[in-house]
Amino acid sequence: MSTKPELVKLIDTTLCTACRGCQVACKQWNEMPGLRTKQTGTYQNPPDLQWNTWTLIRFQEYLDENKKIHWLFRKDGCMHCTDAACVKVCPSGALHYTPLKTVGLDRNKCIGCKECVAACPFHIPRYNASTDKVYKCDLCYTRLTEGLPPACVKSCPTGALTIGEKNKMIKKAYARVKQLGGDANVYGDKFVDGTHVIYVLQYKPEVYDELPVKPSVPLSVVIWKDLLKPLSLLGAGGVVAGSFVHYMLHGPKAPPPEGTNEAGKTEGGE
Amino acid sequence: MRKGLVQVTDGKERLGHWVLAISCLCLCVTGLGMMFHSFNFLGTLVGGLANLKMIHNYVGLIFTISLLVMIRMWWREAGVFVFPEDMDWIKAAGGYLWHVDKVPETGKYNPGQKAFFLVVAIFGALMVVSGLIMWFPSVFPVGLVRWMYPLHALGFVVIFAFFFVHLYLGTIGNPGSVQAMTTGWMEKPVLKMLHPKWFKEMEEKGEFIEYGVEPKPKETGHH
Amino acid sequence: MQITRRGFLTMTGAVGGGVALSTLGINLNPVRAYAEELDKMQRVKIAKQTTTTCCYCSCGCGLICSVDKGTGKIINIEGDADHPINEGALCAKGSGFFQMTEANEHRLRKVLYRGPGGDKWEEKDWEWALPRMARLIKDTRDKNFIKHNAKGELVNRCEAIGHYGSSNVDNEECWLITTMARALGIVYMDHQARVCHSPSVGALAESFGRGSMTNHYIDMQNADVILIMGSNMAENHPMGFRWVTKAQERGAKVIHVDPRFTRTSARCDFHVPLRSGTDIAFLGGMISYIIENQKYFKEYVLNYTHASFIVDESFYFKDGLYSGYDAGKRKYNKDTWVYEYEANGIPRRDMTLAHPRCVFQLMRAHYSRYTLDKVSSITGVSKENLLKVYEIYSSTGVPGKAGTECYALGWTQHTVGVENIRAMTLVQMLLGNVGIAGGGINAMRGEPNVQGSTDHAILYHILPGYLKTPSASLDTLEKYLTKYTPVSHDPKSANYYSNYPKFMVSLLKSWFDAKATKENDFGYSWLPKMDDGKHYSTMHMFDKMYEGKIKGFFCIGADNAVSSPNTGKVRKGLEKLDWLIGENIFDNETYQFWQAPGVDTKNIKTEVFLLPASASMEKEGSISNSGRWVQWKQKACDGPDQCIPVGEIEIKIMQAVKDLYAREGGVQPEPILNLYWDYLDKDGHFSATKTAQRINGVFLEDTVIEDKTKGTQTLYKKGQLVPGFGNLQADGKTACGNWCYSGSYTADGINKMMSRGKEDPTGLGLFPNWAFAWPVGRRILYNRCSVDLNGKPYNPKRKLLEWKGDKWVGDVPDGPWPPQALEGGKYPFIMQRDGLGAFFGQGMADGPFPEHYEPLEGPLTRNPMSSQLINPAIEIFSSDRDKIERASEKFPYVITTYSCTEHWCSGALTRWQSWLLEAQPEQYIEIGDVLAKEKGIKNGARVKVSSVRGSVTAVAMVTQRLKPFIIEGKTVHQVGMPFNYGWLFPGDNKDDSTNFLTPTVGCANTFCPEYKAFMVNVEKA
């Protein structure tokens, strides 16, 4: 018996120097282009995740309660949820769970419907109109299967990015949080049935830009996939069956034979 | 075509109906291919699931236009309930569920048909709007976009249910009625049974368009 | 499954190259036909893997290139997980290495030429270009050659040709460049080291004897306290910061002192903002704190430094000036900066350190003036923060603790550059932090091979191996050697530079081989001589170019039109050239100076040659990182099209010049004709190996070497490689291109630079068998300071070196002699004449003790420390473009200029790479929110930044990370700008080089320009 281990990537934001090694390594490995951007008064560029930018370092200046300046760096990207809204909604199965329990994206199957873009509680997948496909981090699945770390993890100079067996990594994260003290916390292991990318945050999640505080598979997705879809089968089946039964039992509404009225009584005599 | 048949629909109505119906069916089938993974195989028939989606989107546009045309064409007759006669018919279930001696007479279209019209009109419109938002989601706030999917699915459920009943009652459920939409001519007895009040009206006003008979120059009552 | 950084992308090859592939053990017959259809992982798996070293910051990270066996092209580049420094990790620039290969459409592929008045490049080829260039070089040289100077001294130089570059090429190429330039008689030769770490060489050599980083990157993990000052390490030396992070994991405290709160500050324990240009004041306060609070390591100070030396009574310091100052010449006569001597010629010492004129007491008196109040008022640092830093850092003054300092251009790029660094050497020697694991002065060099290019001396003032460029008054080799061979009468001083003659003669033999004989002074007279007291640095060169006196210019692997100070002056200078020869992998603003905005193209006569060079991974050769590790790179593939390595370009140009002189004769042809120039392989291509072996040194005839201590005699045959500089001879039997690199080969010809040994026996991260470290494999310099006088380690937990019985165990000892207290023992600073660490800098141009002077252009009219506002020994340039405006309302803000992680220096390499450009797309200026509000400047708006010399545009980055300072009672705002952008590319905005703003002025000792502190104004554009 060989079960593949469940891996978790840990992003310790307290070790990140925002060097963008990961941001570029991802493009290098995945052969994604760099596009022309503008300087808008921040180091953060591109300004957001894009079809060609699967991971992005977010820069945020933050004043704590003592008015001391901090500069927060957060590597944004797919969280590889255990209960992934995107996999739930993907019509073609392009988004799928891999044997390593990461969320893979087979671009050949993607039909560009963009349902995953709306469904993701972390706003990750990005659409490219010219290829009509969606893009996101796949945790370098082909590297993982060869025993290599994801390109981003390998590139990280300070070890802010590490990857390993799930329980070990969660333990490591909590140990680090304990060491940091204050508001430091682990983010990711407690929602959407646990994500395969978790953070060690210095401050509470609400402090960070673009980080949902209580992410979950959207209610609309739950209603749709867990309720409506089964219901629709029921409904459709019911209607078809019902019609069949009706035909059998009640029969068609046929016009009365010539000379009779509706009630089957003869018109104008028997 | 032979003597004794009465025209019940004109070319415009039939064309419009079938464009709407076929596009709707196409939408259902292509939509089904994207709704359940087990139906993904439908994509292979058209060279890929991406093509299926493209067909769905563009046929949707056809559906949109024909829906608007048909609503405009029929809303007066089929979209407005008239009470108390419609309620009486409803209470009798139109005679379709249990035996009724005399089915209450309603106007040209009975409440069942009116309900179907309204469902198609309203849920059809819902499908169009939700579909358009799903097609161009980046223009809209994500909170809104998210609810379009379950709504679109709900619309499908409802439309499909009503459609199937419509199919059933329009074909084997009411023999002789399908011709109304294929040739446009119906047998008088069937017409009388299904649309007694309308039958009477036309008879009284002498508005029958009988096959082989010159029509009297009269207003036809719909445009 | 085990996820490690390694996986199969590792090299299992041993020393000597020959790389074993995939550890999968599968016999991979490349199924070439399907390569394109395979996903990336599969393509990489079946590719050929070669190693290379990163061509950016000098951390020396290892990379692996995967080369498609069918096309011969590189398909993937990522980190080498086996490399001890980066262990597979790479910063943004390293990660983007792939965009420097020919996959980048902007790579130069053809020889390009611009004719006089031309407005575009024409494609040519080597056959056309080489003769044309040789002709221009010869004609310019012959026409402008100076045989004798005005004093009638033989100088044999050509001042009409300038040469700049490069720290971006391999060691072997650097050596060829310097060799070629000297042979041509060029004196205006310089390269990026000048504007980068030239002060490090000056300062560290003065204090310790060698001008290089004392420890190395991995060693930083061993520190207890790390002070990052004069550096933005996490951004500009990201892999160096990796080891700071490791130190933090072990509980080290890390302090960042910097005008800006940067990405480095975000990861340090705390950040202390200070006004740029005030580091000496800050450190002066620390020196005083250490002395007054007795935080110094007394035993170390007494025995390993010259603190006890007594200084001559004629020496004094008064009101900002030392004895011997000539205000007219702006120079010191250093005759009074001497020690008292005993009769036996050894300096007089007071081991109680009480004598009022002992170095210790002089230092104490000097820095007692740096009170907390004064320092706070000058630097803008609160007294609380000053004490915090002083307390934490000085806690390392005990044997069990190590403190290290990491600095870079934040200290060097000032008119007091050398003194900034010197101040820290004083701190470190007081605390006993030099020569121990986790200690030292970590001068983080800025370019991939600037260590190498400096070692090989593409600099006007030194020869390879830090020998001195001869001055005109030293007209014979004997006079020269006498002047520069230090003499010590102290038997405990190893005074290793007493071997200077061996190094110099071997160098001359490497250049002129059999033509250099004892009779002709080994060719000494053929070398170009500097005029006494004159300097020929980059700024001097552009000053002369601006005057129209320089006709020809080599610009190799550089972009002066963006990176040199006072861009307006530089570009005008370029316009006056007759010819410019450029060698690079991308085009840049310097090569296209004739098309810059506002330039009158058709009236510029300059002939410009832009020669396409092979990139770093497209050629074999070695480069030296900042920690003196000399690492050999493999060649992954050929450069595209007409590209050849710079080394080959140099060889071919020089050969063409040689041929012309051989055919036609000419002015002073000897150095050219007699130059030994056999560095091509049998196929006519550049041989890095041949060159490296020449640099290492070779026996020119059978030689017997005697080892008196071991009582052995070894015979080396003619042609054998020299196994170490201890074997070099002063009589012409050896040829050695650079004595520091002697020992990079073994006598049997094994190239140690290729070795990939992962052993680390001390556990301190020394990796003695990884590559070659100069000198002789030593990883931490001055390591004899890590043990007491009997050879016992001061810190048993970090045993760098230990004397066991009769030998040293651990790192390569800095001098094989026994510990100081034992018979035959020597002092630990063996390259110093007196063998000891020097607080008192006798050789400094601006004073034996670092003293705070204001930047040339600063916010104050008065120096709070003395009447000397600016450094009294700096050279002031006086062209019409050398305007200064200090303490003025027109330019009220202090500005510092810098780089960022994503871009490399002038951006001449990185702006062409879309991944990096995407992350940092346009020029910006960081402005504090308080200042921005005052001026109504919004974040993201374009602004105009101007100094009295010029102006540029940039995007305003309004930030809370910059706060105003209170300096001498008034508010002073500090702003900052990167210098990574120029007009040529991407070319979709009007931003141009930040250096339009900077002044032509530099360090008093080494002429490193003051990019880091001058005055500007900022306004809405």
# chains A, B, ... in the order shown; residues from 1 in each chain; ligands from 1
$ interface_residues --of "chain A" --to "chain B" --cutoff "9 Å" --atoms "only C-alpha atoms" --output "compact mmCIF listing (two decimals) with all heavy atoms, in the first residue's frame"
# COMPACT_ATOMS: atom_id res chain seq x y z
N VAL A 89 -17.38 23.91 -8.44
CA VAL A 89 -18.14 24.56 -9.51
C VAL A 89 -17.62 24.26 -10.91
O VAL A 89 -18.30 24.52 -11.88
CB VAL A 89 -18.20 26.10 -9.32
CG1 VAL A 89 -18.77 26.45 -7.97
CG2 VAL A 89 -16.84 26.71 -9.54
N CYS A 90 -16.40 23.74 -11.02
CA CYS A 90 -15.83 23.62 -12.36
C CYS A 90 -16.63 22.65 -13.22
O CYS A 90 -16.76 21.48 -12.88
CB CYS A 90 -14.39 23.15 -12.27
SG CYS A 90 -13.61 22.94 -13.87
N PRO A 91 -17.17 23.11 -14.35
CA PRO A 91 -18.02 22.24 -15.16
C PRO A 91 -17.26 21.13 -15.87
O PRO A 91 -17.80 20.08 -16.15
CB PRO A 91 -18.65 23.18 -16.17
CG PRO A 91 -17.84 24.40 -16.16
CD PRO A 91 -17.09 24.46 -14.89
N SER A 92 -15.99 21.37 -16.16
CA SER A 92 -15.28 20.40 -16.98
C SER A 92 -14.37 19.49 -16.20
O SER A 92 -13.77 18.58 -16.75
CB SER A 92 -14.42 21.14 -18.00
OG SER A 92 -13.45 21.90 -17.30
N GLY A 93 -14.22 19.77 -14.92
CA GLY A 93 -13.26 18.98 -14.16
C GLY A 93 -11.83 19.42 -14.37
O GLY A 93 -10.89 18.75 -13.95
N LYS A 109 -8.51 21.25 -20.22
CA LYS A 109 -9.94 21.01 -20.03
C LYS A 109 -10.71 22.30 -19.74
O LYS A 109 -11.93 22.32 -19.80
CB LYS A 109 -10.14 20.06 -18.85
CG LYS A 109 -9.76 18.62 -19.10
CD LYS A 109 -10.28 17.75 -17.96
CE LYS A 109 -9.92 16.29 -18.20
NZ LYS A 109 -10.01 15.54 -16.94
N CYS A 110 -10.00 23.34 -19.40
CA CYS A 110 -10.68 24.56 -18.99
C CYS A 110 -11.46 25.16 -20.15
O CYS A 110 -10.94 25.28 -21.26
CB CYS A 110 -9.67 25.58 -18.48
SG CYS A 110 -10.39 27.17 -18.06
N ILE A 111 -12.74 25.53 -19.89
CA ILE A 111 -13.55 26.09 -20.96
C ILE A 111 -13.75 27.59 -20.79
O ILE A 111 -14.49 28.21 -21.55
CB ILE A 111 -14.93 25.39 -21.04
CG1 ILE A 111 -15.75 25.65 -19.77
CG2 ILE A 111 -14.75 23.92 -21.30
CD1 ILE A 111 -17.18 25.15 -19.87
N GLY A 112 -13.12 28.16 -19.80
CA GLY A 112 -13.19 29.61 -19.65
C GLY A 112 -14.53 30.12 -19.18
O GLY A 112 -14.92 31.23 -19.48
N CYS A 113 -15.25 29.31 -18.42
CA CYS A 113 -16.56 29.76 -17.96
C CYS A 113 -16.45 30.74 -16.81
O CYS A 113 -17.39 31.45 -16.51
CB CYS A 113 -17.41 28.57 -17.55
SG CYS A 113 -16.88 27.83 -16.00
N LYS A 114 -15.31 30.78 -16.14
CA LYS A 114 -15.02 31.72 -15.06
C LYS A 114 -15.88 31.50 -13.82
O LYS A 114 -15.97 32.38 -12.97
CB LYS A 114 -15.18 33.16 -15.54
CG LYS A 114 -14.29 33.45 -16.76
CD LYS A 114 -14.48 34.83 -17.28
CE LYS A 114 -15.71 35.04 -18.13
NZ LYS A 114 -15.56 34.71 -19.54
N GLU A 115 -16.49 30.35 -13.68
CA GLU A 115 -17.27 30.11 -12.47
C GLU A 115 -16.37 30.05 -11.26
O GLU A 115 -16.72 30.51 -10.17
CB GLU A 115 -18.07 28.80 -12.63
CG GLU A 115 -19.04 28.90 -13.79
CD GLU A 115 -19.92 27.68 -13.94
OE1 GLU A 115 -19.94 26.82 -13.04
OE2 GLU A 115 -20.59 27.58 -14.98
N VAL A 117 -13.69 31.71 -10.80
CA VAL A 117 -13.27 33.06 -10.44
C VAL A 117 -14.22 33.65 -9.40
O VAL A 117 -13.79 34.26 -8.42
CB VAL A 117 -13.21 33.96 -11.68
CG1 VAL A 117 -12.87 35.39 -11.29
CG2 VAL A 117 -12.20 33.44 -12.68
N ALA A 118 -15.52 33.44 -9.61
CA ALA A 118 -16.49 33.97 -8.66
C ALA A 118 -16.57 33.13 -7.40
O ALA A 118 -16.79 33.64 -6.31
CB ALA A 118 -17.86 34.04 -9.31
N ALA A 119 -16.36 31.83 -7.57
CA ALA A 119 -16.61 30.94 -6.43
C ALA A 119 -15.52 31.01 -5.37
O ALA A 119 -15.79 30.80 -4.19
CB ALA A 119 -16.74 29.50 -6.93
N ASP A 132 -8.88 32.36 -23.39
CA ASP A 132 -10.17 31.90 -22.86
C ASP A 132 -9.96 30.80 -21.81
O ASP A 132 -10.65 29.77 -21.80
CB ASP A 132 -11.06 31.36 -23.99
CG ASP A 132 -12.52 31.21 -23.58
OD1 ASP A 132 -12.96 31.96 -22.69
OD2 ASP A 132 -13.20 30.30 -24.10
N PRO A 218 -18.67 29.70 -0.69
CA PRO A 218 -19.80 30.62 -0.66
C PRO A 218 -21.14 29.90 -0.53
O PRO A 218 -21.31 28.79 -1.07
CB PRO A 218 -19.71 31.33 -2.02
CG PRO A 218 -18.30 31.18 -2.43
CD PRO A 218 -17.83 29.89 -1.87
N LEU A 219 -22.03 30.52 0.19
CA LEU A 219 -23.35 29.94 0.39
C LEU A 219 -24.02 29.64 -0.95
O LEU A 219 -24.65 28.59 -1.13
CB LEU A 219 -24.23 30.92 1.19
CG LEU A 219 -25.64 30.44 1.53
CD1 LEU A 219 -25.57 29.20 2.41
CD2 LEU A 219 -26.44 31.54 2.22
N SER A 220 -23.83 30.53 -1.90
CA SER A 220 -24.45 30.34 -3.21
C SER A 220 -23.95 29.04 -3.84
O SER A 220 -24.71 28.33 -4.50
CB SER A 220 -24.13 31.52 -4.12
OG SER A 220 -22.73 31.68 -4.23
N VAL A 221 -22.69 28.73 -3.63
CA VAL A 221 -22.13 27.50 -4.20
C VAL A 221 -22.70 26.28 -3.48
O VAL A 221 -23.06 25.28 -4.10
CB VAL A 221 -20.59 27.50 -4.10
CG1 VAL A 221 -20.02 26.15 -4.49
CG2 VAL A 221 -20.01 28.60 -4.97
N VAL A 222 -22.82 26.41 -2.18
CA VAL A 222 -23.37 25.29 -1.40
C VAL A 222 -24.80 25.02 -1.83
O VAL A 222 -25.18 23.88 -2.09
CB VAL A 222 -23.31 25.61 0.11
CG1 VAL A 222 -24.03 24.54 0.92
CG2 VAL A 222 -21.87 25.73 0.57
N ILE A 223 -25.56 26.10 -1.92
CA ILE A 223 -26.97 25.94 -2.31
C ILE A 223 -27.05 25.33 -3.70
O ILE A 223 -27.84 24.43 -3.97
CB ILE A 223 -27.69 27.30 -2.28
CG1 ILE A 223 -27.94 27.70 -0.83
CG2 ILE A 223 -29.02 27.22 -3.04
CD1 ILE A 223 -28.60 29.03 -0.65
N TRP A 224 -26.23 25.82 -4.55
CA TRP A 224 -26.27 25.35 -5.93
C TRP A 224 -25.86 23.90 -6.04
O TRP A 224 -26.60 23.08 -6.59
CB TRP A 224 -25.33 26.26 -6.74
CG TRP A 224 -25.06 25.85 -8.15
CD1 TRP A 224 -25.81 25.06 -8.98
CD2 TRP A 224 -23.93 26.26 -8.91
NE1 TRP A 224 -25.22 24.96 -10.20
CE2 TRP A 224 -24.06 25.68 -10.19
CE3 TRP A 224 -22.82 27.07 -8.65
CZ2 TRP A 224 -23.11 25.89 -11.20
CZ3 TRP A 224 -21.89 27.26 -9.65
CH2 TRP A 224 -22.04 26.66 -10.92
N LYS A 225 -24.64 23.61 -5.53
CA LYS A 225 -24.08 22.29 -5.77
C LYS A 225 -24.63 21.24 -4.82
O LYS A 225 -24.84 20.09 -5.19
CB LYS A 225 -22.56 22.35 -5.65
CG LYS A 225 -21.90 23.16 -6.74
CD LYS A 225 -22.00 22.48 -8.09
CE LYS A 225 -21.42 23.34 -9.19
NZ LYS A 225 -21.44 22.69 -10.49
N LEU A 228 -29.39 22.47 -5.06
CA LEU A 228 -30.10 22.58 -6.32
C LEU A 228 -29.79 21.46 -7.29
O LEU A 228 -30.67 20.95 -7.97
CB LEU A 228 -29.76 23.92 -6.98
CG LEU A 228 -30.69 25.07 -6.62
CD1 LEU A 228 -30.26 26.33 -7.33
CD2 LEU A 228 -32.14 24.73 -7.01
N LYS A 229 -28.52 21.13 -7.39
CA LYS A 229 -28.17 20.10 -8.38
C LYS A 229 -28.84 18.76 -8.09
O LYS A 229 -29.48 18.20 -8.98
CB LYS A 229 -26.64 19.94 -8.48
CG LYS A 229 -26.04 20.76 -9.61
CD LYS A 229 -24.53 20.66 -9.67
CE LYS A 229 -24.06 19.49 -10.50
NZ LYS A 229 -22.59 19.56 -10.74
N LEU A 231 -31.41 18.37 -6.36
CA LEU A 231 -32.84 18.66 -6.49
C LEU A 231 -33.27 18.64 -7.95
O LEU A 231 -34.37 18.16 -8.29
CB LEU A 231 -33.12 20.05 -5.91
CG LEU A 231 -34.49 20.20 -5.23
CD1 LEU A 231 -34.47 19.49 -3.91
CD2 LEU A 231 -34.82 21.67 -5.04
N SER A 232 -32.40 19.16 -8.79
CA SER A 232 -32.76 19.25 -10.20
C SER A 232 -32.92 17.85 -10.78
O SER A 232 -33.81 17.62 -11.60
CB SER A 232 -31.71 20.02 -10.98
OG SER A 232 -30.53 19.24 -11.08
N LEU A 233 -32.08 16.95 -10.36
CA LEU A 233 -32.22 15.57 -10.84
C LEU A 233 -33.56 15.00 -10.37
O LEU A 233 -34.30 14.37 -11.13
CB LEU A 233 -31.08 14.71 -10.31
CG LEU A 233 -29.71 14.97 -10.94
CD1 LEU A 233 -28.65 14.13 -10.24
CD2 LEU A 233 -29.75 14.65 -12.42
N GLY A 235 -36.13 16.75 -9.48
CA GLY A 235 -37.19 17.46 -10.18
C GLY A 235 -37.40 16.93 -11.59
O GLY A 235 -38.52 16.60 -12.00
N ALA A 236 -36.27 16.84 -12.32
CA ALA A 236 -36.39 16.39 -13.71
C ALA A 236 -36.93 14.97 -13.77
O ALA A 236 -37.87 14.69 -14.53
CB ALA A 236 -35.02 16.47 -14.38
N GLY A 238 -38.59 13.50 -11.54
CA GLY A 238 -39.97 13.48 -11.06
C GLY A 238 -40.95 13.86 -12.14
O GLY A 238 -41.99 13.23 -12.32
N VAL A 239 -40.58 14.90 -12.87
CA VAL A 239 -41.50 15.38 -13.90
C VAL A 239 -41.66 14.33 -15.01
O VAL A 239 -42.77 14.07 -15.49
CB VAL A 239 -40.97 16.70 -14.47
CG1 VAL A 239 -41.62 17.02 -15.78
CG2 VAL A 239 -41.24 17.82 -13.48
N VAL A 240 -40.57 13.76 -15.41
CA VAL A 240 -40.64 12.75 -16.47
C VAL A 240 -41.44 11.54 -16.01
O VAL A 240 -42.36 11.07 -16.69
CB VAL A 240 -39.22 12.33 -16.91
CG1 VAL A 240 -39.30 11.16 -17.89
CG2 VAL A 240 -38.49 13.49 -17.53
N SER A 243 -45.09 12.40 -15.64
CA SER A 243 -45.83 12.43 -16.90
C SER A 243 -46.16 11.01 -17.37
O SER A 243 -47.27 10.73 -17.84
CB SER A 243 -45.01 13.14 -17.98
OG SER A 243 -44.68 14.42 -17.55
N PHE A 244 -45.17 10.16 -17.21
CA PHE A 244 -45.36 8.75 -17.62
C PHE A 244 -46.51 8.13 -16.83
O PHE A 244 -47.42 7.50 -17.40
CB PHE A 244 -44.06 7.99 -17.40
CG PHE A 244 -44.15 6.54 -17.74
CD1 PHE A 244 -44.15 6.10 -19.05
CD2 PHE A 244 -44.25 5.58 -16.71
CE1 PHE A 244 -44.22 4.74 -19.36
CE2 PHE A 244 -44.32 4.23 -17.01
CZ PHE A 244 -44.31 3.81 -18.34
N HIS A 246 -48.84 9.70 -15.24
CA HIS A 246 -50.09 10.37 -15.59
C HIS A 246 -50.70 9.77 -16.85
O HIS A 246 -51.91 9.54 -16.93
CB HIS A 246 -49.80 11.87 -15.78
CG HIS A 246 -51.02 12.67 -16.16
ND1 HIS A 246 -51.41 12.85 -17.48
CD2 HIS A 246 -51.93 13.31 -15.39
CE1 HIS A 246 -52.50 13.61 -17.51
NE2 HIS A 246 -52.85 13.89 -16.25
N TYR A 247 -49.84 9.53 -17.81
CA TYR A 247 -50.33 8.96 -19.09
C TYR A 247 -50.92 7.58 -18.87
O TYR A 247 -51.95 7.23 -19.44
CB TYR A 247 -49.18 8.92 -20.10
CG TYR A 247 -49.63 8.62 -21.50
CD1 TYR A 247 -50.28 9.59 -22.27
CD2 TYR A 247 -49.45 7.34 -22.08
CE1 TYR A 247 -50.70 9.33 -23.56
CE2 TYR A 247 -49.87 7.07 -23.37
CZ TYR A 247 -50.50 8.06 -24.11
OH TYR A 247 -50.92 7.81 -25.40
N HIS A 250 -54.09 8.39 -15.96
CA HIS A 250 -55.14 9.31 -16.37
C HIS A 250 -55.42 9.25 -17.86
O HIS A 250 -56.55 9.40 -18.29
CB HIS A 250 -54.74 10.74 -15.95
CG HIS A 250 -55.86 11.73 -16.12
ND1 HIS A 250 -56.73 12.07 -15.11
CD2 HIS A 250 -56.23 12.45 -17.20
CE1 HIS A 250 -57.59 12.98 -15.55
NE2 HIS A 250 -57.31 13.23 -16.83
N GLY A 251 -54.33 9.05 -18.58
CA GLY A 251 -54.52 8.93 -20.03
C GLY A 251 -54.60 10.29 -20.70
O GLY A 251 -54.74 11.32 -20.04
N PRO A 252 -54.57 10.25 -21.99
CA PRO A 252 -54.62 11.50 -22.74
C PRO A 252 -56.02 12.10 -22.72
O PRO A 252 -57.00 11.40 -22.49
CB PRO A 252 -54.24 11.07 -24.15
CG PRO A 252 -54.63 9.64 -24.22
CD PRO A 252 -54.48 9.08 -22.84
N LYS A 253 -56.04 13.41 -22.96
CA LYS A 253 -57.34 14.05 -23.05
C LYS A 253 -57.73 14.00 -24.52
O LYS A 253 -57.20 14.74 -25.34
CB LYS A 253 -57.21 15.50 -22.57
CG LYS A 253 -58.54 16.20 -22.36
CD LYS A 253 -58.32 17.65 -21.98
CE LYS A 253 -58.79 17.91 -20.57
NZ LYS A 253 -58.96 19.33 -20.29
N ALA A 254 -58.62 13.09 -24.79
CA ALA A 254 -59.00 12.95 -26.19
C ALA A 254 -60.34 13.65 -26.42
O ALA A 254 -61.16 13.74 -25.51
CB ALA A 254 -59.14 11.47 -26.53
N PRO A 255 -60.49 14.15 -27.59
CA PRO A 255 -61.79 14.78 -27.87
C PRO A 255 -62.89 13.71 -27.89
O PRO A 255 -62.62 12.55 -28.20
CB PRO A 255 -61.62 15.41 -29.25
CG PRO A 255 -60.52 14.62 -29.87
CD PRO A 255 -59.64 14.14 -28.77
N PRO A 256 -64.10 14.11 -27.56
CA PRO A 256 -65.20 13.10 -27.57
C PRO A 256 -65.42 12.60 -29.02
O PRO A 256 -65.15 13.32 -29.96
CB PRO A 256 -66.41 13.87 -27.06
CG PRO A 256 -66.07 15.30 -27.34
CD PRO A 256 -64.59 15.42 -27.25
N PRO A 257 -65.85 11.34 -29.14
CA PRO A 257 -66.12 10.83 -30.51
C PRO A 257 -67.20 11.69 -31.19
O PRO A 257 -67.98 12.38 -30.52
CB PRO A 257 -66.66 9.43 -30.31
CG PRO A 257 -66.74 9.22 -28.83
CD PRO A 257 -66.17 10.39 -28.14
N GLU A 258 -67.18 11.67 -32.46
CA GLU A 258 -68.12 12.48 -33.24
C GLU A 258 -69.54 12.26 -32.72
O GLU A 258 -69.99 11.13 -32.58
CB GLU A 258 -68.03 12.05 -34.71
CG GLU A 258 -68.53 13.10 -35.67
CD GLU A 258 -67.50 14.16 -36.00
OE1 GLU A 258 -66.39 14.15 -35.38
OE2 GLU A 258 -67.79 15.00 -36.86
N ASN A 261 -70.75 14.85 -26.58
CA ASN A 261 -70.15 16.07 -26.02
C ASN A 261 -69.01 15.70 -25.12
O ASN A 261 -68.62 14.54 -24.99
CB ASN A 261 -71.21 16.92 -25.32
CG ASN A 261 -71.81 16.19 -24.13
OD1 ASN A 261 -71.29 15.16 -23.70
ND2 ASN A 261 -72.90 16.69 -23.63
N GLU A 262 -68.56 16.62 -24.44
CA GLU A 262 -67.38 16.42 -23.58
C GLU A 262 -67.57 15.31 -22.58
O GLU A 262 -66.68 14.54 -22.33
CB GLU A 262 -67.12 17.70 -22.80
CG GLU A 262 -66.05 18.53 -23.38
CD GLU A 262 -65.93 19.79 -22.58
OE1 GLU A 262 -65.60 19.68 -21.38
OE2 GLU A 262 -66.17 20.87 -23.14
N ALA A 263 -68.70 15.34 -22.05
CA ALA A 263 -68.92 14.38 -20.96
C ALA A 263 -69.15 12.97 -21.48
O ALA A 263 -69.45 12.06 -20.74
CB ALA A 263 -70.09 14.83 -20.12
$ atom_distance --atom1 "CA of Gly533 (chain C)" --atom2 "CA of Val187 (chain C)"
13.6 Å
$ residues_around --residues "Glu6 (chain A)" --least-positions-apart "6" --cutoff "12 Å" --atoms "only C-alpha atoms" --output "JSON, numbers by chain"
{"A": [80, 82, 97, 98, 99, 100, 101, 102, 144, 163, 164, 165, 166, 167, 168, 169, 170, 194, 195, 196, 197], "C": [1, 2, 3]}
